file protein.pdb (PDB, C-alpha atoms and all ligand atoms)
MODEL        1
ATOM      1  CA  MET A  89      -7.229  -1.444  23.961
ATOM      2  CA  TYR A  90      -9.922  -2.256  21.408
ATOM      3  CA  LYS A  91     -13.067  -3.480  23.141
ATOM      4  CA  ILE A  92     -15.287  -6.167  21.611
ATOM      5  CA  VAL A  93     -18.781  -4.692  21.807
ATOM      6  CA  LYS A  94     -20.628  -7.484  20.001
ATOM      7  CA  LYS A  95     -19.885 -11.114  19.199
ATOM      8  CA  ARG A  96     -22.067 -13.260  16.962
ATOM      9  CA  LYS A  97     -21.333 -16.851  15.966
ATOM     10  CA  LEU A  98     -22.303 -17.384  12.308
ATOM     11  CA  ASN A  99     -21.585 -21.125  12.365
ATOM     12  CA  ASP A 100     -19.123 -23.520  14.055
ATOM     13  CA  ALA A 101     -16.169 -21.955  12.270
ATOM     14  CA  MET A 102     -17.083 -18.334  11.639
ATOM     15  CA  THR A 103     -17.617 -15.386  13.974
ATOM     16  CA  TRP A 104     -18.649 -11.744  13.520
ATOM     17  CA  LEU A 105     -17.129  -9.204  15.919
ATOM     18  CA  VAL A 106     -17.903  -5.526  16.343
ATOM     19  CA  ILE A 107     -14.885  -3.744  17.818
ATOM     20  CA  GLU A 108     -14.384  -0.254  19.207
ATOM     21  CA  ALA A 109     -11.775   1.420  16.984
ATOM     22  CA  PRO A 110     -12.918   5.033  16.411
ATOM     23  CA  LEU A 111      -9.884   6.300  14.483
ATOM     24  CA  VAL A 112     -10.028   3.349  12.062
ATOM     25  CA  ALA A 113     -13.833   3.578  11.692
ATOM     26  CA  ARG A 114     -13.612   7.260  10.765
ATOM     27  CA  LYS A 115     -11.519   6.537   7.654
ATOM     28  CA  ALA A 116     -12.631   3.016   6.631
ATOM     29  CA  LYS A 117     -13.816   2.250   3.091
ATOM     30  CA  PRO A 118     -15.064  -1.025   1.467
ATOM     31  CA  GLY A 119     -12.196  -3.287   0.410
ATOM     32  CA  GLN A 120      -9.800  -2.155   3.146
ATOM     33  CA  PHE A 121      -8.447  -4.302   5.946
ATOM     34  CA  ILE A 122      -6.913  -4.083   9.403
ATOM     35  CA  ILE A 123      -4.063  -5.906  11.133
ATOM     36  CA  LEU A 124      -4.708  -6.932  14.717
ATOM     37  CA  ARG A 125      -3.001  -8.621  17.642
ATOM     38  CA  THR A 126      -5.018 -10.358  20.343
ATOM     39  CA  ASP A 127      -2.365  -9.623  23.005
ATOM     40  CA  GLU A 128       1.039  -7.972  23.238
ATOM     41  CA  TYR A 129       2.866 -11.223  22.442
ATOM     42  CA  GLY A 130       0.449 -12.150  19.664
ATOM     43  CA  GLU A 131       0.992 -12.623  15.951
ATOM     44  CA  ARG A 132      -0.226  -9.871  13.610
ATOM     45  CA  ILE A 133      -3.061 -11.081  11.356
ATOM     46  CA  PRO A 134      -4.837  -9.230   8.528
ATOM     47  CA  LEU A 135      -8.652  -9.232   8.362
ATOM     48  CA  THR A 136     -10.983  -7.388   6.014
ATOM     49  CA  MET A 137     -13.352  -4.866   7.545
ATOM     50  CA  ALA A 138     -16.823  -6.305   7.012
ATOM     51  CA  GLY A 139     -18.353  -2.951   7.894
ATOM     52  CA  HIS A 140     -17.875   0.150  10.004
ATOM     53  CA  ASP A 141     -19.900   2.776  11.832
ATOM     54  CA  SER A 142     -17.992   6.044  11.963
ATOM     55  CA  GLU A 143     -20.479   7.635  14.399
ATOM     56  CA  ALA A 144     -20.390   4.757  16.884
ATOM     57  CA  GLY A 145     -16.635   4.419  16.320
ATOM     58  CA  THR A 146     -16.811   0.703  15.572
ATOM     59  CA  ILE A 147     -15.571  -1.668  12.884
ATOM     60  CA  ASP A 148     -16.813  -5.165  12.003
ATOM     61  CA  ILE A 149     -14.733  -8.232  11.221
ATOM     62  CA  ILE A 150     -15.871 -11.697  10.164
ATOM     63  CA  TYR A 151     -13.299 -14.431  10.528
ATOM     64  CA  ALA A 152     -12.856 -18.179  10.319
ATOM     65  CA  ALA A 153     -11.102 -19.860  13.248
ATOM     66  CA  VAL A 154      -8.425 -21.693  11.250
ATOM     67  CA  GLY A 155      -5.234 -21.473  13.325
ATOM     68  CA  ARG A 156      -3.508 -20.182  16.413
ATOM     69  CA  THR A 157      -4.520 -16.504  16.427
ATOM     70  CA  THR A 158      -8.059 -16.839  15.118
ATOM     71  CA  MET A 159      -8.740 -19.662  17.619
ATOM     72  CA  LEU A 160      -7.361 -17.522  20.415
ATOM     73  CA  MET A 161      -9.552 -14.640  19.278
ATOM     74  CA  ASP A 162     -12.551 -16.975  19.323
ATOM     75  CA  GLN A 163     -12.047 -17.374  23.086
ATOM     76  CA  LEU A 164     -12.665 -13.660  23.662
ATOM     77  CA  GLU A 165     -16.137 -12.470  24.614
ATOM     78  CA  GLU A 166     -18.055  -9.186  24.574
ATOM     79  CA  GLY A 167     -16.310  -6.760  26.940
ATOM     80  CA  ASP A 168     -12.867  -8.307  26.331
ATOM     81  CA  ALA A 169     -10.363  -6.345  24.264
ATOM     82  CA  LEU A 170      -7.778  -6.819  21.528
ATOM     83  CA  ALA A 171      -4.284  -5.443  22.134
ATOM     84  CA  ASP A 172      -4.092  -3.487  18.900
ATOM     85  CA  VAL A 173      -5.848  -2.769  15.646
ATOM     86  CA  VAL A 174      -3.994  -0.997  12.833
ATOM     87  CA  GLY A 175      -5.801   0.409   9.809
ATOM     88  CA  PRO A 176      -7.436   1.125   7.523
ATOM     89  CA  LEU A 177      -4.875  -0.578   5.272
ATOM     90  CA  GLY A 178      -4.831  -1.287   1.539
ATOM     91  CA  LYS A 179      -6.605   0.472  -1.280
ATOM     92  CA  PRO A 180     -10.402   0.794  -1.203
ATOM     93  CA  THR A 181     -12.455  -1.035  -3.875
ATOM     94  CA  GLU A 182     -12.566   0.896  -7.153
ATOM     95  CA  MET A 183     -16.165   1.491  -8.217
ATOM     96  CA  ASP A 184     -15.949   4.343 -10.732
ATOM     97  CA  GLY A 185     -17.944   3.814 -13.922
ATOM     98  CA  LEU A 186     -19.380   0.421 -12.904
ATOM     99  CA  LYS A 187     -23.064  -0.251 -13.565
ATOM    100  CA  LYS A 188     -23.414  -3.997 -13.116
ATOM    101  CA  VAL A 189     -21.045  -6.543 -11.557
ATOM    102  CA  ALA A 190     -20.951 -10.160 -10.454
ATOM    103  CA  VAL A 191     -19.223 -10.823  -7.136
ATOM    104  CA  VAL A 192     -18.125 -14.443  -6.652
ATOM    105  CA  GLY A 193     -17.297 -15.553  -3.106
ATOM    106  CA  GLY A 194     -15.943 -18.943  -2.075
ATOM    107  CA  GLY A 195     -16.094 -20.327   1.493
ATOM    108  CA  THR A 196     -14.409 -17.986   3.981
ATOM    109  CA  GLY A 197     -13.924 -15.582   1.080
ATOM    110  CA  ASN A 198     -17.601 -14.719   1.431
ATOM    111  CA  ALA A 199     -16.681 -12.796   4.591
ATOM    112  CA  LEU A 200     -14.398 -10.619   2.455
ATOM    113  CA  ALA A 201     -16.956 -10.472  -0.380
ATOM    114  CA  TYR A 202     -19.686  -9.180   1.928
ATOM    115  CA  PRO A 203     -18.458  -5.562   2.414
ATOM    116  CA  LEU A 204     -17.407  -5.423  -1.213
ATOM    117  CA  ALA A 205     -20.747  -6.605  -2.651
ATOM    118  CA  THR A 206     -22.936  -4.610  -0.275
ATOM    119  CA  GLY A 207     -20.674  -1.540  -0.553
ATOM    120  CA  MET A 208     -21.029  -1.619  -4.348
ATOM    121  CA  HIS A 209     -24.798  -2.089  -4.088
ATOM    122  CA  ALA A 210     -25.012   0.867  -1.665
ATOM    123  CA  ALA A 211     -23.095   2.949  -4.216
ATOM    124  CA  GLY A 212     -25.830   2.266  -6.818
ATOM    125  CA  ILE A 213     -24.141  -0.567  -8.743
ATOM    126  CA  GLU A 214     -26.296  -3.600  -9.704
ATOM    127  CA  VAL A 215     -24.743  -6.591  -7.928
ATOM    128  CA  ASP A 216     -25.279 -10.285  -8.667
ATOM    129  CA  MET A 217     -23.769 -12.182  -5.737
ATOM    130  CA  ILE A 218     -22.706 -15.802  -6.217
ATOM    131  CA  ALA A 219     -21.788 -17.302  -2.851
ATOM    132  CA  GLY A 220     -20.323 -20.801  -2.848
ATOM    133  CA  PHE A 221     -19.896 -23.152   0.128
ATOM    134  CA  LYS A 222     -18.969 -26.797   0.741
ATOM    135  CA  ASN A 223     -22.329 -27.635   2.338
ATOM    136  CA  LYS A 224     -25.287 -26.067   4.165
ATOM    137  CA  ASP A 225     -23.517 -26.006   7.548
ATOM    138  CA  MET A 226     -20.874 -23.693   6.101
ATOM    139  CA  VAL A 227     -23.349 -21.159   4.658
ATOM    140  CA  ILE A 228     -22.960 -17.672   6.158
ATOM    141  CA  LEU A 229     -24.508 -14.242   5.654
ATOM    142  CA  GLU A 230     -27.425 -15.467   3.511
ATOM    143  CA  ASP A 231     -29.920 -12.883   4.857
ATOM    144  CA  GLU A 232     -27.316 -10.124   4.770
ATOM    145  CA  PHE A 233     -26.340 -10.823   1.151
ATOM    146  CA  ARG A 234     -30.011 -11.034   0.126
ATOM    147  CA  ALA A 235     -30.761  -7.675   1.750
ATOM    148  CA  GLY A 236     -27.598  -5.961   0.527
ATOM    149  CA  THR A 237     -27.310  -7.079  -3.141
ATOM    150  CA  ASP A 238     -29.658  -7.291  -6.155
ATOM    151  CA  ASN A 239     -29.620 -11.059  -6.704
ATOM    152  CA  LEU A 240     -28.157 -13.799  -4.532
ATOM    153  CA  TYR A 241     -27.221 -17.229  -5.893
ATOM    154  CA  ILE A 242     -26.029 -19.787  -3.350
ATOM    155  CA  THR A 243     -24.188 -22.899  -4.482
ATOM    156  CA  THR A 244     -23.024 -25.849  -2.396
ATOM    157  CA  ASP A 245     -20.657 -28.581  -3.558
ATOM    158  CA  ASP A 246     -23.040 -31.303  -2.319
ATOM    159  CA  GLY A 247     -26.342 -29.554  -3.123
ATOM    160  CA  SER A 248     -27.423 -29.490   0.558
ATOM    161  CA  HIS A 249     -28.413 -25.805   0.214
ATOM    162  CA  GLY A 250     -29.033 -23.577  -2.806
ATOM    163  CA  GLU A 251     -27.947 -25.049  -6.138
ATOM    164  CA  LYS A 252     -25.619 -28.043  -6.399
ATOM    165  CA  GLY A 253     -22.349 -27.179  -8.097
ATOM    166  CA  PHE A 254     -19.523 -24.678  -8.118
ATOM    167  CA  THR A 255     -19.618 -20.890  -8.253
ATOM    168  CA  THR A 256     -17.928 -21.079 -11.660
ATOM    169  CA  ASP A 257     -20.875 -23.126 -13.058
ATOM    170  CA  LYS A 258     -23.335 -20.470 -11.880
ATOM    171  CA  LEU A 259     -21.189 -17.633 -13.208
ATOM    172  CA  LYS A 260     -21.048 -19.229 -16.669
ATOM    173  CA  GLU A 261     -24.814 -19.808 -16.607
ATOM    174  CA  LEU A 262     -25.512 -16.145 -15.745
ATOM    175  CA  ILE A 263     -23.192 -14.872 -18.476
ATOM    176  CA  GLU A 264     -24.690 -17.305 -21.009
ATOM    177  CA  ALA A 265     -28.180 -16.093 -19.976
ATOM    178  CA  GLY A 266     -27.232 -12.659 -21.292
ATOM    179  CA  ASN A 267     -26.182 -10.740 -18.156
ATOM    180  CA  LYS A 268     -23.773  -7.990 -19.164
ATOM    181  CA  TYR A 269     -21.216  -7.450 -16.429
ATOM    182  CA  ASP A 270     -18.764  -4.537 -16.436
ATOM    183  CA  GLU A 271     -16.609  -6.502 -14.010
ATOM    184  CA  ILE A 272     -16.438  -9.847 -12.221
ATOM    185  CA  ILE A 273     -14.912  -9.779  -8.748
ATOM    186  CA  ALA A 274     -13.520 -12.984  -7.242
ATOM    187  CA  VAL A 275     -12.914 -13.472  -3.519
ATOM    188  CA  GLY A 276     -11.997 -16.863  -2.117
ATOM    189  CA  PRO A 277      -9.488 -19.695  -2.437
ATOM    190  CA  PRO A 278      -6.838 -18.880  -5.085
ATOM    191  CA  VAL A 279      -7.834 -21.908  -7.183
ATOM    192  CA  MET A 280     -11.438 -20.680  -7.383
ATOM    193  CA  MET A 281     -10.294 -17.134  -8.181
ATOM    194  CA  LYS A 282      -8.003 -18.441 -10.913
ATOM    195  CA  PHE A 283     -10.927 -20.185 -12.659
ATOM    196  CA  VAL A 284     -13.367 -17.298 -12.148
ATOM    197  CA  CYS A 285     -10.837 -14.939 -13.764
ATOM    198  CA  ARG A 286     -10.279 -17.416 -16.591
ATOM    199  CA  ILE A 287     -14.044 -17.494 -17.323
ATOM    200  CA  ALA A 288     -14.140 -13.678 -17.288
ATOM    201  CA  GLU A 289     -11.278 -13.634 -19.795
ATOM    202  CA  GLU A 290     -13.077 -16.170 -22.041
ATOM    203  CA  TYR A 291     -16.059 -13.848 -22.265
ATOM    204  CA  GLY A 292     -13.994 -10.657 -22.573
ATOM    205  CA  ILE A 293     -15.072  -9.304 -19.174
ATOM    206  CA  LYS A 294     -12.694  -7.470 -16.809
ATOM    207  CA  SER A 295     -11.905  -9.466 -13.655
ATOM    208  CA  VAL A 296     -10.735  -8.316 -10.249
ATOM    209  CA  ALA A 297      -9.333 -10.644  -7.592
ATOM    210  CA  SER A 298      -8.975  -9.853  -3.897
ATOM    211  CA  LEU A 299      -5.744 -11.528  -2.774
ATOM    212  CA  THR A 300      -5.015 -12.738   0.740
ATOM    213  CA  ALA A 301      -1.243 -13.192   0.689
ATOM    214  CA  TYR A 302       0.662 -13.758   3.926
ATOM    215  CA  MET A 303       1.343 -10.425   5.613
ATOM    216  CA  VAL A 304       3.584  -9.168   8.387
ATOM    217  CA  ASP A 305       3.662  -5.365   8.675
ATOM    218  CA  GLY A 306       0.919  -4.477   6.161
ATOM    219  CA  THR A 307       2.659  -1.249   5.199
ATOM    220  CA  GLY A 308       4.951  -2.273   2.311
ATOM    221  CA  MET A 309       8.107  -2.623   4.443
ATOM    222  CA  CYS A 310       8.726  -6.370   4.837
ATOM    223  CA  GLY A 311       7.976  -7.802   1.387
ATOM    224  CA  GLY A 312       6.097 -10.735   2.946
ATOM    225  CA  CYS A 313       3.011 -10.244   0.790
ATOM    226  CA  ARG A 314       4.868 -10.022  -2.541
ATOM    227  CA  CYS A 315       2.932 -11.345  -5.556
ATOM    228  CA  VAL A 316       3.657 -11.352  -9.258
ATOM    229  CA  ILE A 317       1.151  -9.203 -11.179
ATOM    230  CA  GLY A 318       1.686  -8.733 -14.904
ATOM    231  CA  GLY A 319       5.266  -9.982 -14.541
ATOM    232  CA  GLU A 320       6.085  -7.366 -11.872
ATOM    233  CA  ASN A 321       6.480  -7.756  -8.117
ATOM    234  CA  LYS A 322       3.662  -6.050  -6.215
ATOM    235  CA  PHE A 323       2.847  -5.868  -2.524
ATOM    236  CA  VAL A 324      -0.694  -6.977  -1.726
ATOM    237  CA  CYS A 325      -0.838  -4.755   1.388
ATOM    238  CA  VAL A 326      -0.162  -1.420  -0.321
ATOM    239  CA  ASP A 327      -0.733  -2.066  -4.046
ATOM    240  CA  GLY A 328      -3.852  -4.195  -3.378
ATOM    241  CA  PRO A 329      -5.521  -6.227  -2.019
ATOM    242  CA  GLU A 330      -7.536  -6.058  -5.287
ATOM    243  CA  PHE A 331      -5.775  -6.652  -8.607
ATOM    244  CA  ASP A 332      -6.682  -7.194 -12.250
ATOM    245  CA  GLY A 333      -7.376 -10.957 -12.234
ATOM    246  CA  SER A 334      -5.989 -11.495 -15.729
ATOM    247  CA  MET A 335      -2.566 -10.234 -14.574
ATOM    248  CA  VAL A 336      -2.150 -12.429 -11.457
ATOM    249  CA  ASP A 337       0.438 -15.233 -11.562
ATOM    250  CA  TRP A 338      -1.889 -17.742  -9.891
ATOM    251  CA  ASP A 339       0.530 -20.658  -9.771
ATOM    252  CA  GLU A 340       3.139 -18.556  -7.952
ATOM    253  CA  LEU A 341       0.500 -17.316  -5.473
ATOM    254  CA  ILE A 342      -0.801 -20.837  -4.796
ATOM    255  CA  LYS A 343       2.777 -22.057  -4.198
ATOM    256  CA  ARG A 344       3.551 -19.159  -1.836
ATOM    257  CA  ASN A 345       0.324 -19.707   0.139
ATOM    258  CA  SER A 346       1.316 -23.268   0.989
ATOM    259  CA  PHE A 347       4.846 -22.285   2.009
ATOM    260  CA  TYR A 348       4.187 -22.309   5.795
ATOM    261  CA  LYS A 349       1.722 -25.253   5.917
ATOM    262  CA  GLU A 350       4.001 -27.469   8.059
ATOM    263  CA  GLN A 351       4.859 -24.711  10.580
ATOM    264  CA  GLU A 352       1.162 -23.744  10.859
ATOM    265  CA  LYS A 353       0.185 -27.360  11.548
ATOM    266  CA  HIS A 354       2.837 -27.530  14.253
ATOM    267  CA  ASP A 355       1.838 -24.150  15.693
ATOM    268  CA  ALA A 356      -1.893 -24.859  15.669
ATOM    269  CA  ALA A 357      -3.994 -24.498  18.780
ATOM    270  CA  HIS A 358      -6.250 -27.167  20.248
ATOM    271  CA  ILE A 359      -9.514 -26.085  21.851
ATOM    272  CA  CYS A 360     -10.524 -28.359  24.738
ATOM    273  CA  ARG A 361     -14.138 -29.505  24.303
ATOM    274  CA  LEU A 362     -14.600 -29.812  28.079
ATOM    275  CA  THR A 363     -13.133 -26.552  29.345
ATOM    276  CA  GLY A 364     -13.117 -24.416  26.189
ATOM    277  CA  GLY A 365      -9.461 -23.616  26.955
ATOM    278  CA  VAL A 366      -6.748 -23.294  24.309
ATOM    279  CA  ARG A 367      -3.677 -25.526  24.302
ATOM    280  CA  TYR A 368      -0.798 -25.101  21.867
ATOM    281  CA  HIS A 369       1.284 -27.933  20.440
ATOM    282  CA  ASP A 370       4.654 -27.388  22.202
TER     283      ASP A 370
HETATM  284  C1  LIG A 401      -5.864  -8.682   3.190
HETATM  285  C2  LIG A 401      -6.366  -9.914   3.898
HETATM  286  C3  LIG A 401      -7.661  -9.934   4.367
HETATM  287  C4  LIG A 401      -8.153 -11.072   5.025
HETATM  288  N1  LIG A 401      -9.434 -11.043   5.479
HETATM  289  C5  LIG A 401      -9.935 -12.113   6.119
HETATM  290  C6  LIG A 401     -11.267 -12.081   6.632
HETATM  291  O1  LIG A 401     -11.999 -11.091   6.516
HETATM  292  N2  LIG A 401     -11.729 -13.191   7.275
HETATM  293  C7  LIG A 401     -10.943 -14.309   7.437
HETATM  294  O2  LIG A 401     -11.417 -15.287   8.024
HETATM  295  N3  LIG A 401      -9.680 -14.356   6.984
HETATM  296  C8  LIG A 401      -9.151 -13.280   6.331
HETATM  297  N4  LIG A 401      -7.852 -13.311   5.894
HETATM  298  C9  LIG A 401      -7.027 -14.511   6.194
HETATM  299  C10 LIG A 401      -6.528 -14.403   7.639
HETATM  300  O3  LIG A 401      -5.551 -13.375   7.733
HETATM  301  C11 LIG A 401      -5.903 -15.737   8.094
HETATM  302  O4  LIG A 401      -6.922 -16.701   8.161
HETATM  303  C12 LIG A 401      -5.245 -15.593   9.479
HETATM  304  O5  LIG A 401      -4.070 -14.842   9.357
HETATM  305  C13 LIG A 401      -4.939 -16.967  10.050
HETATM  306  O6  LIG A 401      -4.174 -16.789  11.217
HETATM  307  P1  LIG A 401      -4.080 -17.956  12.305
HETATM  308  O7  LIG A 401      -2.907 -17.687  13.186
HETATM  309  O8  LIG A 401      -5.386 -18.150  12.993
HETATM  310  O9  LIG A 401      -3.856 -19.246  11.425
HETATM  311  P2  LIG A 401      -2.487 -19.808  10.840
HETATM  312  O10 LIG A 401      -2.031 -20.885  11.754
HETATM  313  O11 LIG A 401      -1.541 -18.699  10.513
HETATM  314  O12 LIG A 401      -3.022 -20.443   9.493
HETATM  315  C14 LIG A 401      -4.047 -21.438   9.494
HETATM  316  C15 LIG A 401      -4.542 -21.692   8.082
HETATM  317  O13 LIG A 401      -4.946 -20.448   7.452
HETATM  318  C16 LIG A 401      -4.210 -20.225   6.245
HETATM  319  N5  LIG A 401      -3.769 -18.812   6.185
HETATM  320  C17 LIG A 401      -2.957 -18.181   7.048
HETATM  321  N6  LIG A 401      -2.760 -16.906   6.675
HETATM  322  C18 LIG A 401      -3.466 -16.750   5.513
HETATM  323  C19 LIG A 401      -3.657 -15.691   4.629
HETATM  324  N7  LIG A 401      -3.104 -14.486   4.788
HETATM  325  N8  LIG A 401      -4.449 -15.886   3.556
HETATM  326  C20 LIG A 401      -5.023 -17.073   3.336
HETATM  327  N9  LIG A 401      -4.885 -18.122   4.146
HETATM  328  C21 LIG A 401      -4.112 -17.962   5.211
HETATM  329  C22 LIG A 401      -2.999 -21.117   6.357
HETATM  330  O14 LIG A 401      -2.515 -21.538   5.100
HETATM  331  C23 LIG A 401      -3.493 -22.285   7.168
HETATM  332  O15 LIG A 401      -4.124 -23.236   6.377
HETATM  333  C24 LIG A 401      -7.323 -12.199   5.224
HETATM  334  C25 LIG A 401      -6.001 -12.176   4.753
HETATM  335  C26 LIG A 401      -5.530 -11.043   4.103
HETATM  336  C27 LIG A 401      -4.122 -11.006   3.604
HETATM  337  S1  LIG A 402       2.948  -7.194   4.544
HETATM  338 FE1  LIG A 402       4.968  -6.456   4.512
HETATM  339  S2  LIG A 402       5.163  -5.641   2.538
HETATM  340 FE2  LIG A 402       3.105  -6.255   2.619
ENDMDL
END

call {"tool": "encode", "arguments": {"input": "protein.pdb", "output": "structure tokens", "more": "lines below"}}
Ligand SMILES: Cc1cc2nc3c(=O)[nH]c(=O)nc-3n(C[C@H](O)[C@H](O)[C@H](O)COP(=O)(O)OP(=O)(O)OC[C@H]3O[C@@H](n4cnc5c(N)ncnc54)[C@H](O)[C@@H]3O)c2cc1C
Ligand code: FES
result
Amino acid sequence: MYKIVKKRKLNDAMTWLVIEAPLVARKAKPGQFIILRTDEYGERIPLTMAGHDSEAGTIDIIYAAVGRTTMLMDQLEEGDALADVVGPLGKPTEMDGLKKVAVVGGGTGNALAYPLATGMHAAGIEVDMIAGFKNKDMVILEDEFRAGTDNLYITTDDGSHGEKGFTTDKLKELIEAGNKYDEIIAVGPPVMMKFVCRIAEEYGIKSVASLTAYMVDGTGMCGGCRCVIGGENKFVCVDGPEFDGSMVDWDELIKRNSFYKEQEKHDAAHICRLTGGVRYHD
């Protein structure tokens, strides 16, 4: 069993957990993810490692409670345990030869951008972090990004915190202001990533996108996470999760990501406001 040693609510939707997983922690690198199950009958879900401490034998995850498994996980408290944690999975973030990058995170994607941006900064790369959110209530990790990157730019759609506008507006502004990026890394909703990568292409800058395709086994066996990259089929779990953004078939990815919408709606959990208990629709 994988004990939860620390739980911290970041806002209504997002939670940070520190979990005992010594074998995973020993080998973890920025950009890699785990697959966990809350209990032996649970669904397997992939989550990026937001950090790790190999000496303490712990890993960190930051997740949004969006559906059945993440809502169930949100009911667990410090001292409770997850049934299993498999990892580290996927390829670590490539950092060789990079001097200055812009990392663009959107919404929940900022949880995935956090280890990537701070890991790059810790490796001596200059990091401009652009973190976009719907509004101020959704903002997460502001202090952590500020401490762990060179410059932090927060945007909100409604202007209730940071600058009003989209991450893509800020990215364009920074490029136009003369910042020379070796790479732009996009992490967030596929539509945002598509436009971030398009801007990078316009300015002749290499783009990298961290894809969150549906996964089952996470080891390249099931084909569930197949994406089209440069006209070829690739598996996000073993070939990624990071890919050259200019090669991603965004329209195919967006279509695939909405494939199970109806089933997920049907399968969703309801959290009782009075008791805090979870009830599933049939
Ligand atoms: C490599 C990888 C790393 C990820 N890292 C994180 C992370 O660090 N933090 C985090 O909050 N989430 C992360 N995700 C997304 C996370 O796996 C899903 O939110 C989770 O599986 C939802 O499970 P559920 O049963 O709670 O919700 P479900 O009922 O399965 O889905 C609820 C909603 O979430 C969307 N969703 C489900 N699975 C995915 C997916 N794989 N990618 C994108 N949207 C999905 C559905 O379209 C639906 O709208 C990652 C996904 C991948 C593939
Ligand atoms: S999750 Fe099965 S092949 Fe990637």

call {"tool": "resolve_selection", "arguments": {"input": "protein.pdb", "expression": "the PyMOL selection byres (((chain A and resi 337) around 9) and not hetatm)", "output": "PDB file with C-alpha atoms, in the frame of the given file"}}
result
ATOM      1  CA  CYS A 315       2.932 -11.345  -5.556  1.00  0.00           C
ATOM      2  CA  VAL A 316       3.657 -11.352  -9.258  1.00  0.00           C
ATOM      3  CA  ILE A 317       1.151  -9.203 -11.179  1.00  0.00           C
ATOM      4  CA  GLY A 318       1.686  -8.733 -14.904  1.00  0.00           C
ATOM      5  CA  GLY A 319       5.266  -9.982 -14.541  1.00  0.00           C
ATOM      6  CA  GLY A 333      -7.376 -10.957 -12.234  1.00  0.00           C
ATOM      7  CA  SER A 334      -5.989 -11.495 -15.729  1.00  0.00           C
ATOM      8  CA  MET A 335      -2.566 -10.234 -14.574  1.00  0.00           C
ATOM      9  CA  VAL A 336      -2.150 -12.429 -11.457  1.00  0.00           C
ATOM     10  CA  TRP A 338      -1.889 -17.742  -9.891  1.00  0.00           C
ATOM     11  CA  ASP A 339       0.530 -20.658  -9.771  1.00  0.00           C
ATOM     12  CA  GLU A 340       3.139 -18.556  -7.952  1.00  0.00           C
ATOM     13  CA  LEU A 341       0.500 -17.316  -5.473  1.00  0.00           C
ATOM     14  CA  ILE A 342      -0.801 -20.837  -4.796  1.00  0.00           C
TER      15      ILE A 342
END

call {"tool": "residues_near_ligand", "arguments": {"input": "protein.pdb", "ligand": "ligand LIG 402 (chain A)", "cutoff": "9 Å", "atoms": "all atoms listed in the file", "output": "list in words"}}
result
Pro134, Ala301, Tyr302, Met303, Val304, Asp305, Gly306, Thr307, Gly308, Met309, Cys310, Gly311, Gly312, Cys313, Arg314, Lys322, Phe323, Val324, Cys325, Val326 and Asp327 of chain A

call {"tool": "atom_distance", "arguments": {"input": "protein.pdb", "atom1": "CA of Ala113 (chain A)", "atom2": "atom C9 of ligand LIG 401 (chain A)"}}
result
20.1 Å

call {"tool": "atom_distance", "arguments": {"input": "protein.pdb", "atom1": "CA of Met102 (chain A)", "atom2": "CA of Asp332 (chain A)"}}
result
28.3 Å

call {"tool": "atom_distance", "arguments": {"input": "protein.pdb", "atom1": "CA of Met137 (chain A)", "atom2": "CA of Gly178 (chain A)"}}
result
11.0 Å

call {"tool": "resolve_selection", "arguments": {"input": "protein.pdb", "expression": "the PyMOL selection byres (((chain A and resi 179) around 7) and not hetatm)", "output": "MDAnalysis selection string"}}
result
chainID A and resid 119:120 177:178 180:181 326:329

call {"tool": "resolve_selection", "arguments": {"input": "protein.pdb", "expression": "the PyMOL selection byres (((chain A and resi 208) around 10) and not hetatm)", "output": "ChimeraX atom specification"}}
result
/A:118,181-183,186-189,191,202-207,209-215,236-237

call {"tool": "axis_aligned_box", "arguments": {"input": "protein.pdb", "around": "ligand LIG 401 (chain A)", "padding_each_side": "4 Å", "output": "JSON"}}
result
{"center_x": -6.8, "center_y": -16.0, "center_z": 8.2, "size_x": 18.5, "size_y": 22.6, "size_z": 18.0}

call {"tool": "residues_around", "arguments": {"input": "protein.pdb", "residues": "Ile263 (chain A)", "least_positions_apart": "3", "cutoff": "10 Å", "atoms": "only C-alpha atoms", "output": "count of residues only"}}
result
12

call {"tool": "residues_around", "arguments": {"input": "protein.pdb", "residues": "Ala169 (chain A)", "least_positions_apart": "4", "cutoff": "8 Å", "atoms": "all atoms listed in the file", "output": "number ranges by chain"}}
result
A: 89-92, 126, 164
